[in-house]
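*Asks:* Following this message is one structure expressed as structure tokens.
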Number of protein chains: 2
Amino acid sequence: MSISIILVRPQMGENIGAAARACANFGVRDLRLVAPRDGWPNPKAVDMAGRAIDLLDDTTVFDTTAEAVADCQFVLATTSRARAVNIPAHAAREAATLLRQRVAAGQKVAVLFGPERTGLENEDVAAANGVLYIPVAPEYPSLNLAQAAVVVLSEWFAAGEPPAPDGLAPAAPREELQGMFSQLEAALDDVNFWKVLEKKELMWRNIRTGLMRADLTSQEVATWRGMIRALRDGA
Amino acid sequence: MSISIILVRPQMGENIGAAARACANFGVRDLRLVAPRDGWPNPKAVDMAGRAIDLLDDTTVFDTTAEAVADCQFVLATTSRARAVNIPAHAAREAATLLRQRVAAGQKVAVLFGPERTGLENEDVAAANGVLYIPVAPEYPSLNLAQAAVVVLSEWFAAGEPPAPDGLAPAAPREELQGMFSQLEAALDDVNFWKVLEKKELMWRNIRTGLMRADLTSQEVATWRGMIRALRDGA
């Protein structure tokens, strides 16, 4: 189960298309429109939607916000932070967690977005259980509709995302590193790298520690061994 | 201190302008460009930037990625998840925390974004300490440059954001609630609401619990008391 994104009286078809794209990017399939200014369907929305056009085909259009949320059990209204409405206000991140919890409990949930110029009216907000705001810099708080949808949807997606893989190839086994270190140490000994022998212990430990931080893979260890050999043979 | 956003070989002026807007929205002032396709300045970027134009005025342009990151101590390269590069990969959220930590430690940090069509080349990624990816739905993973910037920047901002205020007017003091409850209980007693007196204790507790969840303000308690009085007097 996912959430419904409801654009209330959207003005620009481009923004409807961009919102559809953002829905598709973040795994949301239910986009609803309340009284779009330029009617529906809207070719500008199609142009902007790209491959998310299948989502626009399934978009339902309602006359009023009340009708659009009629089947929903939990609704958040996206507003600018300044809005003083006496219902709970949640930053987008916290809102995403709430939405996930409601969906996990089997509820139908929706997020409302207002018209580009004016935002949601108080009457629309009154249909919501809470307000969702996007934290922004106070000096430049104006997010456009498509950007706001991207933030809300990416938060929704991230709230259900498994932890990040680390993206690393598996590090080499220690014995391979030891082999490389032995080779390197012998090479450095041969070229009298340490000069003052009392300093060798500390210097050598520092060199190994630095290389350990690199978390080398087996492939990289082989490359390093080749480099060491080449350098030494070249000397 | 903040981060630098670096657009590498951006193609569309509109995306540069949208990225500048997103920077301004999320408190970032340093936008750098590497070899923008259509030269610089670019009137389409200005059109799209809106009030964030002051940020474009300060934008610096470099010939190569290496030059653009020369003063940076920690760099993340934004790539699609699929990219197999043997450096650590961080989801946008985790990356934002890492960037905040580096900035708090006094480091200069930057995030790279690649050209619209192709993304960053391996050579660009090689200048980075790690990869940043935006978790997206596998069925529709293509985020455009401006959207990707919005996600990364909103994560950056949210990672330093203080906890959400709850947006509620202060709840009424308990004594006001008690006054309301006493009035309501008396009214219900008067109209013989409980019918079976043994059930009153549980019913009455449930009624109060429900009202407590509403977290009523003083103003709302006064309204409720008026409602209760009006209902009872009308009976």
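Every chain in the structure tokens takes a letter, A first, then B, and so on in the order presented; its residues are numbered from 1, and the ligands are numbered from 1 following the presented order.
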Least-squares superposition of chain A on chain B, all Cα atoms, in-order pairing: what RMSD comes out, in Å?

*Replies:*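 That gives an RMSD of 0.5 Å.
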
*Asks:* Give the strand (DSSP E or B) residues of region 45-190 of chain B, as assigned by DSSP on the backbone, as a PyMOL selection string.

*Replies:* chain B and resi 60-62+74-78+89-91+109-113+130-133+171

*Asks:* Just the alpha helix (DSSP H) stuff from region 16-102 of chain A, please, per backbone DSSP, written as a ChimeraX atom specification.

*Replies:* /A:16-25,43-49,53-57,65-68,92-102

*Asks:* Between B:Lys44, B:His90, B:Arg117, B:Arg102, which one has atoms that come closest to Met1 (chain B), using only C-alpha atoms?

*Replies:*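 Closest to Met1 (chain B), using only C-alpha atoms: B:Arg102.
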
*Asks:* When you look at Ser182 (chain B) with a cut-off of 12 Å (counting only C-alpha atoms), what residues show up, excluding the ones that are within fewer than 4 positions of it in the same chain? I need them as a count of residues only.

*Replies:* 13

*Asks:* Pick out the closest residue to Gly226 (chain A) from this set: A:Ala105, A:Met180, A:Ala68, A:Ala171. Count only C-alpha atoms.

*Replies:*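 Of the candidates, the smallest distance to Gly226 (chain A) is held by A:Met180.
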